[in-house]
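S.K.: Provided herewith: data00.txt, compact mmCIF, C-alpha atoms.
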# COMPACT_ATOMS: atom_id res chain seq x y z
CA MET A 1 3.05 -21.17 34.57
CA ASP A 2 5.22 -18.07 34.71
CA ARG A 3 7.57 -19.28 37.34
CA PRO A 4 11.05 -18.21 36.36
CA ASP A 5 12.42 -21.75 36.61
CA HIS A 6 10.19 -22.75 33.70
CA MET A 7 11.97 -20.26 31.49
CA PRO A 8 13.25 -20.54 28.86
CA PHE A 9 11.63 -23.97 28.53
CA ARG A 10 8.14 -22.58 27.92
CA ASP A 11 9.46 -20.63 24.95
CA TRP A 12 11.27 -23.68 23.73
CA LEU A 13 8.08 -25.72 23.76
CA ASP A 14 6.74 -23.39 21.09
CA LEU A 15 9.91 -23.64 19.07
CA GLU A 16 9.78 -27.40 19.42
CA ALA A 17 6.19 -27.47 18.18
CA ASP A 18 7.29 -25.48 15.12
CA GLY A 19 10.31 -27.69 14.52
CA CYS A 20 12.69 -24.80 15.16
CA LEU A 21 14.42 -26.01 18.30
CA ALA A 22 18.18 -26.43 18.10
CA ALA A 23 19.65 -29.81 19.06
CA GLU A 24 21.34 -28.62 22.26
CA GLN A 25 18.18 -26.82 23.34
CA ARG A 26 16.20 -29.98 22.69
CA ALA A 27 18.50 -31.96 24.92
CA ALA A 28 18.13 -29.40 27.72
CA LEU A 29 14.36 -29.34 27.23
CA ASP A 30 14.13 -33.11 27.43
CA GLN A 31 16.10 -33.06 30.68
CA HIS A 32 13.77 -30.45 32.11
CA LEU A 33 10.64 -32.27 30.97
CA ALA A 34 11.81 -35.41 32.66
CA VAL A 35 11.56 -33.68 36.04
CA CYS A 36 8.84 -31.05 35.48
CA ALA A 37 5.25 -32.23 35.34
CA ASP A 38 3.97 -28.68 34.76
CA CYS A 39 5.96 -28.32 31.58
CA ARG A 40 4.95 -31.78 30.41
CA ASN A 41 1.36 -30.77 30.89
CA GLU A 42 2.00 -27.48 29.11
CA ARG A 43 3.57 -29.31 26.20
CA ALA A 44 0.61 -31.69 25.92
CA GLU A 45 -1.85 -28.79 25.92
CA LEU A 46 0.13 -26.92 23.33
CA GLN A 47 0.20 -29.92 21.04
CA GLN A 48 -3.52 -30.47 21.52
CA MET A 49 -4.19 -26.85 20.73
CA LEU A 50 -2.10 -26.96 17.55
CA ALA A 51 -3.88 -30.16 16.50
CA LEU A 52 -7.17 -28.40 17.12
CA LEU A 53 -6.10 -25.54 14.83
CA ARG A 54 -4.99 -28.01 12.18
CA SER A 55 -8.35 -29.73 12.38
CA ALA A 56 -10.00 -26.41 11.60
CA SER A 57 -8.44 -26.31 8.15
CA ILE A 58 -10.68 -26.58 5.14
CA THR A 59 -9.83 -28.89 2.27
CA VAL A 60 -9.00 -27.52 -1.15
CA GLY A 61 -9.84 -29.97 -3.91
CA PRO A 62 -7.57 -30.82 -6.84
CA GLU A 63 -9.98 -29.04 -9.18
CA PHE A 64 -8.85 -25.73 -7.72
CA ARG A 65 -5.59 -25.92 -9.64
CA GLU A 66 -7.45 -26.56 -12.89
CA ARG A 67 -9.80 -23.70 -12.14
CA VAL A 68 -6.92 -21.29 -11.62
CA MET A 69 -5.01 -22.50 -14.67
CA ALA A 70 -8.11 -22.21 -16.84
CA SER A 71 -8.66 -18.64 -15.69
CA LEU A 72 -5.13 -17.38 -16.33
CA PRO A 73 -5.26 -14.52 -18.80
CA ALA A 74 -2.48 -13.50 -21.18
CA ALA A 75 -0.09 -11.58 -18.96
CA GLY A 76 1.63 -8.43 -20.14
CA TRP A 77 5.05 -10.00 -19.73
CA GLU A 78 4.14 -12.87 -22.04
CA ALA A 79 3.93 -10.46 -24.98
CA ARG A 80 7.55 -9.55 -24.32
CA HIS A 81 8.55 -13.13 -23.94
CA PRO A 82 11.11 -14.56 -26.39
CA ARG A 83 8.62 -17.29 -27.32
CA THR A 84 6.51 -14.58 -28.94
CA TRP A 85 9.28 -14.19 -31.48
CA THR A 86 9.48 -17.88 -32.29
CA PHE A 87 7.14 -17.71 -35.27
CA PRO A 88 8.62 -14.64 -37.00
CA VAL A 89 12.13 -15.94 -36.40
CA ALA A 90 11.13 -19.34 -37.83
CA VAL A 91 9.68 -17.66 -40.94
CA CYS A 92 12.87 -15.60 -41.44
CA ALA A 93 15.00 -18.71 -40.98
CA LEU A 94 12.91 -20.55 -43.54
CA LEU A 95 13.20 -17.73 -46.04
CA MET A 96 16.94 -17.52 -45.48
CA ALA A 97 17.23 -21.26 -45.97
CA VAL A 98 15.28 -21.01 -49.22
CA GLY A 99 17.49 -18.10 -50.32
CA ALA A 100 20.65 -19.98 -49.41
CA GLY A 101 19.44 -23.01 -51.28
CA LEU A 102 18.68 -20.96 -54.35
CA LEU A 103 22.07 -19.23 -54.13
CA ALA A 104 23.79 -22.58 -53.85
CA ALA A 105 21.97 -23.73 -56.92
CA SER A 106 22.68 -20.48 -58.76
CA SER A 107 25.78 -21.87 -60.40
CA ARG A 108 23.55 -24.24 -62.26
CA LEU A 109 20.50 -21.98 -62.66
CA GLY A 110 22.11 -18.72 -63.66
CA SER A 111 23.50 -15.57 -62.13
CA ALA A 112 23.17 -14.68 -58.45
CA TYR A 113 21.39 -11.52 -59.54
CA SER A 114 18.48 -13.43 -61.01
CA VAL A 115 18.21 -15.54 -57.85
CA ALA A 116 18.15 -12.45 -55.66
CA ALA A 117 15.50 -10.97 -57.95
CA ALA A 118 13.45 -14.14 -57.60
CA VAL A 119 13.67 -14.09 -53.80
CA SER A 120 12.81 -10.40 -53.74
CA GLY A 121 9.86 -11.06 -56.04
CA MET A 122 8.65 -13.83 -53.79
CA LEU A 123 8.83 -11.60 -50.69
CA ARG A 124 7.01 -8.84 -52.53
CA ALA A 125 4.30 -11.26 -53.57
CA VAL A 126 3.86 -12.41 -49.97
CA VAL A 127 3.53 -8.84 -48.70
CA MET A 128 1.16 -7.91 -51.50
CA ALA A 129 -0.97 -10.96 -50.86
CA GLY A 130 -1.27 -10.10 -47.15
CA ALA A 131 -2.06 -6.46 -47.84
CA GLY A 132 -4.50 -7.45 -50.55
CA LEU A 133 -6.31 -9.79 -48.20
CA ILE A 134 -6.80 -7.04 -45.63
CA THR A 135 -7.79 -4.48 -48.25
CA SER A 136 -10.23 -6.75 -49.99
CA SER A 137 -11.93 -7.57 -46.68
CA TRP A 138 -12.61 -3.91 -45.99
CA ARG A 139 -13.32 -3.22 -49.65
CA TRP A 140 -16.00 -5.89 -49.68
CA ILE A 141 -17.68 -4.23 -46.72
CA GLY A 142 -17.30 -0.86 -48.47
CA MET A 143 -18.87 -2.16 -51.65
CA PHE A 144 -21.72 -3.67 -49.71
CA ALA A 145 -22.25 -0.41 -47.85
CA SER A 146 -22.13 1.75 -50.98
CA ASP A 147 -24.64 -0.55 -52.59
CA LYS A 148 -27.03 -0.35 -49.67
CA LEU A 149 -26.36 3.19 -48.46
CA SER A 150 -27.00 5.65 -51.22
CA SER A 151 -26.88 9.05 -49.48
CA PRO A 152 -23.51 10.73 -48.69
CA MET A 153 -24.70 11.20 -45.10
CA SER A 154 -25.26 7.49 -44.49
CA LEU A 155 -21.96 6.67 -46.18
CA THR A 156 -20.20 9.13 -43.84
CA ALA A 157 -21.91 7.56 -40.85
CA PHE A 158 -20.77 4.18 -42.05
CA ALA A 159 -17.19 5.43 -42.45
CA VAL A 160 -17.27 6.74 -38.87
CA PHE A 161 -18.61 3.38 -37.71
CA VAL A 162 -15.76 1.56 -39.44
CA LEU A 163 -13.24 3.97 -37.89
CA CYS A 164 -14.68 3.31 -34.43
CA LEU A 165 -14.46 -0.42 -35.03
CA ASN A 166 -10.79 -0.02 -35.90
CA LEU A 167 -10.12 2.02 -32.77
CA LEU A 168 -11.91 -0.57 -30.66
CA LEU A 169 -9.81 -3.32 -32.19
CA VAL A 170 -6.59 -1.45 -31.49
CA SER A 171 -7.59 -0.70 -27.89
CA LEU A 172 -8.51 -4.36 -27.31
CA ILE A 173 -5.12 -5.49 -28.58
CA ARG A 174 -3.34 -2.94 -26.39
CA ARG A 175 -5.32 -3.92 -23.31
CA ARG A 176 -4.55 -7.59 -23.84
CA ARG A 177 -0.86 -6.85 -24.13
CA GLY A 178 -0.60 -4.50 -21.21
CA GLY A 179 -2.82 -6.27 -18.67
CA GLU A 180 -1.62 -4.90 -15.34
CA PRO A 181 -3.54 -5.83 -12.24
CA GLN A 182 -5.70 -3.33 -10.49
CA GLY A 183 -6.81 -3.31 -6.91
CA LEU A 184 -4.06 -5.37 -5.38
CA GLY A 185 -1.23 -4.03 -3.34
CA ALA A 186 2.04 -3.47 -5.08
CA PRO A 187 3.95 -6.68 -4.87
CA SER A 188 7.30 -5.08 -4.48
CA PRO A 189 8.45 -3.27 -1.35
CA PRO A 190 6.61 -4.11 1.86
CA ARG A 191 3.85 -1.69 2.71
CA ALA A 192 4.40 -0.34 6.12
CA ASP A 193 1.06 1.46 6.09
CA ARG A 194 -0.76 -1.87 6.17
CA ARG A 195 1.60 -3.52 8.50
CA ARG A 196 -0.64 -3.66 11.50
CA HIS A 197 -4.01 -2.82 10.11
CA ASP A 198 -6.84 -4.79 11.56
CA PRO A 199 -9.55 -5.52 8.99
CA ASP A 200 -12.08 -5.46 11.77
CA GLN A 201 -10.95 -1.99 12.71
CA ARG A 202 -10.99 -0.85 9.13
CA GLU A 203 -14.47 -2.22 8.84
CA ARG A 204 -15.52 -0.22 11.85
CA GLY A 205 -13.75 2.82 10.48
CA GLY A 206 -11.43 3.02 13.45
CA GLU A 207 -7.71 2.87 13.85
CA PRO A 208 -5.79 -0.31 14.34
CA ARG A 209 -5.34 -1.44 17.86
CA ASP A 210 -1.90 -1.17 19.19
CA GLY A 211 -1.32 -3.68 21.86
CA ARG A 212 2.41 -3.18 22.13
CA MET B 1 19.03 -23.78 -6.66
CA THR B 2 17.04 -26.92 -6.27
CA ARG B 3 16.62 -28.71 -2.98
CA GLY B 4 18.71 -31.75 -3.64
CA ALA B 5 17.37 -33.60 -6.63
CA GLU B 6 13.76 -33.65 -5.43
CA GLN B 7 11.63 -30.59 -5.68
CA PRO B 8 12.29 -27.34 -7.48
CA THR B 9 12.17 -24.28 -5.27
CA ASP B 10 9.50 -21.65 -5.71
CA GLU B 11 12.07 -19.43 -7.36
CA ASP B 12 12.94 -22.22 -9.83
CA LEU B 13 9.28 -22.59 -10.71
CA VAL B 14 8.86 -18.86 -11.20
CA ALA B 15 11.89 -18.81 -13.47
CA ALA B 16 10.46 -21.72 -15.47
CA VAL B 17 7.12 -19.95 -15.87
CA LEU B 18 8.83 -16.75 -16.97
CA GLY B 19 10.86 -18.87 -19.37
CA GLY B 20 7.67 -19.91 -21.12
CA ASP B 21 6.65 -23.06 -19.21
CA ARG B 22 3.17 -21.97 -18.18
CA ASP B 23 2.30 -25.34 -16.65
CA ARG B 24 4.86 -24.84 -13.89
CA PHE B 25 2.59 -22.14 -12.50
CA GLY B 26 0.17 -24.98 -11.80
CA ASP B 27 2.82 -26.51 -9.56
CA LEU B 28 3.06 -23.26 -7.63
CA VAL B 29 -0.72 -23.15 -7.34
CA GLU B 30 -0.78 -26.69 -6.00
CA ARG B 31 1.98 -25.91 -3.55
CA TYR B 32 0.17 -22.94 -2.04
CA GLN B 33 -3.53 -23.49 -2.64
CA GLY B 34 -4.31 -25.11 0.71
CA ARG B 35 -2.37 -22.61 2.76
CA LEU B 36 -3.65 -19.63 0.82
CA VAL B 37 -7.31 -20.65 0.94
CA ASN B 38 -7.12 -21.47 4.65
CA TYR B 39 -5.40 -18.19 5.43
CA LEU B 40 -7.98 -16.23 3.46
CA PHE B 41 -10.77 -18.28 5.00
CA ARG B 42 -9.69 -17.11 8.45
CA LEU B 43 -9.66 -13.51 7.26
CA LEU B 44 -12.91 -13.59 5.28
CA ARG B 45 -14.79 -16.14 7.42
CA ASN B 46 -16.37 -17.66 4.36
CA ALA B 47 -15.06 -20.69 2.50
CA GLU B 48 -16.49 -19.76 -0.88
CA ASP B 49 -15.15 -16.21 -0.71
CA ALA B 50 -11.78 -17.59 0.35
CA HIS B 51 -11.63 -19.88 -2.69
CA ASP B 52 -12.68 -17.09 -5.03
CA LEU B 53 -10.22 -14.60 -3.62
CA ALA B 54 -7.40 -17.16 -3.62
CA GLN B 55 -8.06 -17.74 -7.31
CA GLU B 56 -8.11 -14.00 -7.94
CA VAL B 57 -4.85 -13.53 -6.06
CA LEU B 58 -3.12 -16.31 -7.98
CA VAL B 59 -4.29 -14.89 -11.29
CA LYS B 60 -3.00 -11.45 -10.31
CA VAL B 61 0.28 -12.96 -9.21
CA TYR B 62 0.61 -14.61 -12.60
CA GLN B 63 -0.05 -11.31 -14.32
CA VAL B 64 2.76 -9.56 -12.47
CA LEU B 65 5.09 -12.51 -12.15
CA ASP B 66 7.81 -10.67 -14.05
CA ARG B 67 7.87 -8.12 -11.23
CA TYR B 68 8.73 -10.73 -8.62
CA ASP B 69 12.14 -10.10 -7.12
CA PRO B 70 13.83 -13.46 -6.42
CA GLN B 71 15.86 -11.96 -3.59
CA TYR B 72 12.65 -12.20 -1.51
CA ARG B 73 10.82 -15.40 -0.75
CA PHE B 74 7.95 -16.15 -3.10
CA SER B 75 5.73 -17.10 -0.17
CA THR B 76 6.29 -13.72 1.47
CA TRP B 77 5.35 -11.96 -1.76
CA LEU B 78 2.29 -14.14 -2.32
CA PHE B 79 0.94 -13.72 1.20
CA ARG B 80 1.53 -10.00 1.17
CA ILE B 81 -0.56 -9.72 -1.98
CA ALA B 82 -3.17 -12.04 -0.45
CA GLN B 83 -3.35 -10.06 2.75
CA ASN B 84 -3.75 -6.77 0.89
CA ALA B 85 -6.40 -8.31 -1.35
CA ALA B 86 -8.32 -9.66 1.63
CA ILE B 87 -8.21 -6.34 3.46
CA ASP B 88 -9.38 -4.58 0.29
CA GLN B 89 -12.20 -7.08 -0.12
CA ILE B 90 -13.30 -6.73 3.48
CA ARG B 91 -13.36 -2.99 3.11
CA ARG B 92 -14.99 -3.05 -0.31
CA ARG B 93 -17.73 -5.47 0.41
CA ARG B 94 -18.27 -4.22 3.92
CA LEU B 95 -18.43 -7.73 5.24
CA LYS B 96 -20.25 -8.11 8.44
CA LEU B 97 -17.69 -9.57 10.73
CA VAL B 98 -20.12 -11.15 13.05
CA SER B 99 -18.58 -13.70 15.33
CA LEU B 100 -20.34 -16.90 16.19
CA ARG B 101 -21.11 -15.77 19.69
CA GLN B 102 -23.77 -13.54 18.13
CA GLU B 103 -24.99 -16.18 15.70
CA ASP B 104 -27.83 -18.55 16.19
CA GLY B 105 -26.19 -21.38 14.38
CA GLU B 106 -27.71 -20.56 10.99
CA GLY B 107 -26.32 -19.02 7.82
CA GLU B 108 -22.59 -18.60 7.84
CA GLY B 109 -22.28 -21.09 10.65
CA ARG B 110 -21.96 -23.92 8.14
CA ASP B 111 -18.56 -22.54 7.16
CA TRP B 112 -17.15 -23.48 10.51
CA ASP B 113 -17.92 -27.17 10.03
CA LEU B 114 -14.78 -29.18 10.40
CA PRO B 115 -13.62 -32.24 8.56
CA SER B 116 -13.61 -34.77 11.34
CA PRO B 117 -14.20 -38.43 11.93
CA GLU B 118 -16.89 -37.52 14.42
CA ARG B 119 -20.10 -38.37 12.62
CA GLY B 120 -23.75 -38.55 13.54
CA PRO B 121 -25.95 -35.83 15.01
CA TYR B 122 -23.84 -35.42 18.12
CA GLY B 123 -20.58 -35.46 16.16
CA ASP B 124 -21.85 -32.80 13.72
CA LEU B 125 -22.99 -30.62 16.56
CA ARG B 126 -19.64 -31.06 18.27
CA ASN B 127 -17.75 -30.20 15.07
CA ARG B 128 -19.82 -27.10 14.57
CA GLU B 129 -19.27 -26.10 18.15
CA ARG B 130 -15.56 -26.70 17.89
CA GLY B 131 -15.23 -24.84 14.60
CA GLY B 132 -17.17 -21.92 16.00
CA ALA B 133 -15.12 -21.88 19.16
CA ILE B 134 -11.84 -21.86 17.24
CA GLN B 135 -12.96 -18.99 15.05
CA GLN B 136 -14.33 -17.14 18.02
CA ALA B 137 -11.09 -17.62 19.93
CA ILE B 138 -9.06 -16.37 16.96
CA ASP B 139 -11.39 -13.41 16.46
CA ALA B 140 -11.03 -12.45 20.10
CA LEU B 141 -7.25 -12.08 19.80
CA PRO B 142 -5.86 -8.59 19.33
CA TRP B 143 -5.06 -8.10 15.65
CA GLU B 144 -1.31 -8.04 16.13
CA TYR B 145 -1.43 -11.58 17.56
CA ARG B 146 -4.23 -12.80 15.36
CA GLU B 147 -2.51 -11.98 12.08
CA LEU B 148 0.64 -13.81 13.18
CA ILE B 149 -1.37 -16.83 14.32
CA MET B 150 -3.13 -16.91 10.97
CA LEU B 151 0.09 -16.57 9.00
CA ARG B 152 1.82 -19.26 11.05
CA HIS B 153 -0.94 -21.82 11.47
CA PHE B 154 -3.10 -21.37 8.40
CA GLY B 155 -0.59 -19.83 5.97
CA GLU B 156 2.07 -22.15 7.40
CA LEU B 157 4.76 -19.55 6.94
CA PRO B 158 8.02 -20.04 8.84
CA TYR B 159 9.05 -17.46 11.43
CA GLU B 160 11.54 -15.83 9.09
CA ASP B 161 8.95 -15.28 6.36
CA ILE B 162 6.49 -13.81 8.84
CA ALA B 163 9.20 -11.49 10.14
CA ARG B 164 9.93 -10.29 6.61
CA LEU B 165 6.27 -9.97 5.71
CA LYS B 166 5.39 -8.01 8.82
CA GLN B 167 8.71 -6.17 8.96
CA MET B 168 9.26 -7.27 12.53
CA PRO B 169 12.36 -8.58 14.23
CA LEU B 170 12.40 -12.36 14.42
CA GLY B 171 12.35 -12.26 18.22
CA THR B 172 9.20 -10.14 18.19
CA VAL B 173 7.48 -12.64 15.92
CA LYS B 174 8.38 -15.52 18.23
CA ASN B 175 7.29 -13.59 21.28
CA LYS B 176 3.96 -12.54 19.78
CA LEU B 177 3.25 -16.04 18.54
CA PHE B 178 4.01 -17.40 21.98
CA ARG B 179 1.67 -14.94 23.63
CA GLY B 180 -1.00 -15.41 20.98
CA ARG B 181 -0.93 -19.17 21.48
CA GLN B 182 -1.17 -18.76 25.23
CA MET B 183 -4.29 -16.64 24.78
CA LEU B 184 -5.75 -19.14 22.33
CA LYS B 185 -5.03 -22.00 24.67
CA GLU B 186 -6.88 -20.31 27.48
CA LYS B 187 -9.87 -19.64 25.27
CA LEU B 188 -9.96 -23.19 23.92
CA GLN B 189 -9.30 -24.87 27.24
CA SER B 190 -12.57 -26.78 27.25
CA PHE B 191 -11.68 -28.45 23.94
CA LEU B 192 -8.15 -29.42 24.86
CA SER B 193 -9.05 -32.39 27.01
CA ASP B 194 -11.29 -33.95 24.30
Using the file provided, produce a representation of the structure as structure tokens.
M.R.:
Amino acid sequence: MDRPDHMPFRDWLDLEADGCLAAEQRAALDQHLAVCADCRNERAELQQMLALLRSASITVGPEFRERVMASLPAAGWEARHPRTWTFPVAVCALLMAVGAGLLAASSRLGSAYSVAAAVSGMLRAVVMAGAGLITSSWRWIGMFASDKLSSPMSLTAFAVFVLCLNLLLVSLIRRRRGGEPQGLGAPSPPRADRRRHDPDQRERGGEPRDGR
Amino acid sequence: MTRGAEQPTDEDLVAAVLGGDRDRFGDLVERYQGRLVNYLFRLLRNAEDAHDLAQEVLVKVYQVLDRYDPQYRFSTWLFRIAQNAAIDQIRRRRLKLVSLRQEDGEGEGRDWDLPSPERGPYGDLRNRERGGAIQQAIDALPWEYRELIMLRHFGELPYEDIARLKQMPLGTVKNKLFRGRQMLKEKLQSFLSD
């Protein structure tokens, strides 16, 4: 098998099996195979062995893709994605369109000042409505609590509880936005320290074998 | 950047995902799921664990997709993350890496069953035997050959990607694969004439 006259054809058999053999090498290999039974046998064995390895593959069903896609969380980079700004930009564009329309009609409706005042009033009303909604939600809880909790101590405890709820809410939002993976190797530069680590060796607590 | 008019490259798909087309990540998953699961299966020796870890790896990859540097091959990046994750899992769970030569044919042995046309009691036994022998032969290789065999034949990475992933010269990769296959062939000799 290691007779020098079989080289470099034995190496080329591997390259051929991997589809990496150059055309001129293939021609030379074919010529050699035509006269060398050993190498023909070697080639057949190699192909059988590779087929054997292929047969040892397990099948991954189409549901795997769905499983992965269904489990994808919101990634940190998505929060910074331009699409995140689609809605606010659309709202601004709508407001600007409304403003422009009103300005265009101002010649018929009155002075530009009154139109600007109307737009400003509308914006103010929107902000107030949003703030009022939030305030009234908490106020309703506050009213309920003050009705049920009469002592200053229990009211204080309730206030602390509400504060904690707020902090929890903020931390949940931050975690969702900044979801960085833990436990995996850094995907950027190659990690030389793991280059030749043998999991078996690590399992046994030993050092990687070095067969070089 | 596309290969002709047919399929988008991995880098195209990553760019599409980062551009807001989340479904394109599904295309990447489909492209790599078989290779990734099979590669992890050889490392973890358990099909269910391999599926779970492959899913975990792909989710993590999605989470850090914006950190992918397109000057490297996506496959190299993916398999590096997968390899690190598998090594971490093996260490963390303290898997018992018991090879089939010490098994009595029960328990984990079912994971070595092969999809094969050979059916019936004899066929099943033969498949089990063959699957066990392949795993045993791979396990018996020194790690430096084994990891390249797994990357090439189960991860289906080309030589160049393996060289980048393992930070080895291309010639070394070819040489080690050649030697690894020779060792495998000797160990699987009895199955080669089937």
S.K.: Once you count all atoms listed in the file, which residues of chain B turn out to be within 6 Å of chain A? Could you give them as a VMD selection string?
M.R.: chain B and resid 34 55 59 to 60 63 81 84 to 85 87 91 114 143 166 192
S.K.: Record the distance separating CA of Arg73 in chain B and CA of Asp12 in chain B, expressed in Å with one decimal.
M.R.: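 That distance, rounded to one decimal, is 11.6 Å.
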S.K.: Pick out the closest residue to Val126 in chain A from this set: A:Leu95, A:Phe158, A:Ala104, A:Asp30. Count all atoms listed in the file.
M.R.: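 Going through A:Leu95, A:Phe158, A:Ala104, A:Asp30 one by one, the smallest distance to Val126 in chain A is for A:Leu95.
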S.K.: As an exercise, work out the distance from CA of Asp66 in chain B to CA of Leu36 in chain B in Å and give it to one decimal place.
M.R.: 20.8 Å
S.K.: Applying 8 Å and only C-alpha atoms, which residues near Leu43 in chain B remain after dropping the ones on its own chain fewer than 3 positions away? List them as a PyMOL selection string.
M.R.: chain B and resi 39-40+86
S.K.: So what do you get for CA of Tyr72 in chain B versus CA of Glu11 in chain B, distance-wise?
M.R.: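 CA of Glu11 in chain B lies at a distance of 9.3 Å from CA of Tyr72 in chain B.
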S.K.: So which residues touch Gly171 in chain B within 10 Å, counting all atoms listed in the file, skipping near sequence neighbours fewer than 6 positions away, as a PDB file with C-alpha atoms, in the coordinates of the input?
M.R.:
ATOM      1  CA  TYR B 159       9.050 -17.460  11.430  1.00  0.00           C
ATOM      2  CA  GLU B 160      11.540 -15.830   9.090  1.00  0.00           C
ATOM      3  CA  ALA B 163       9.200 -11.490  10.140  1.00  0.00           C
ATOM      4  CA  LEU B 177       3.250 -16.040  18.540  1.00  0.00           C
TER       5      LEU B 177
END
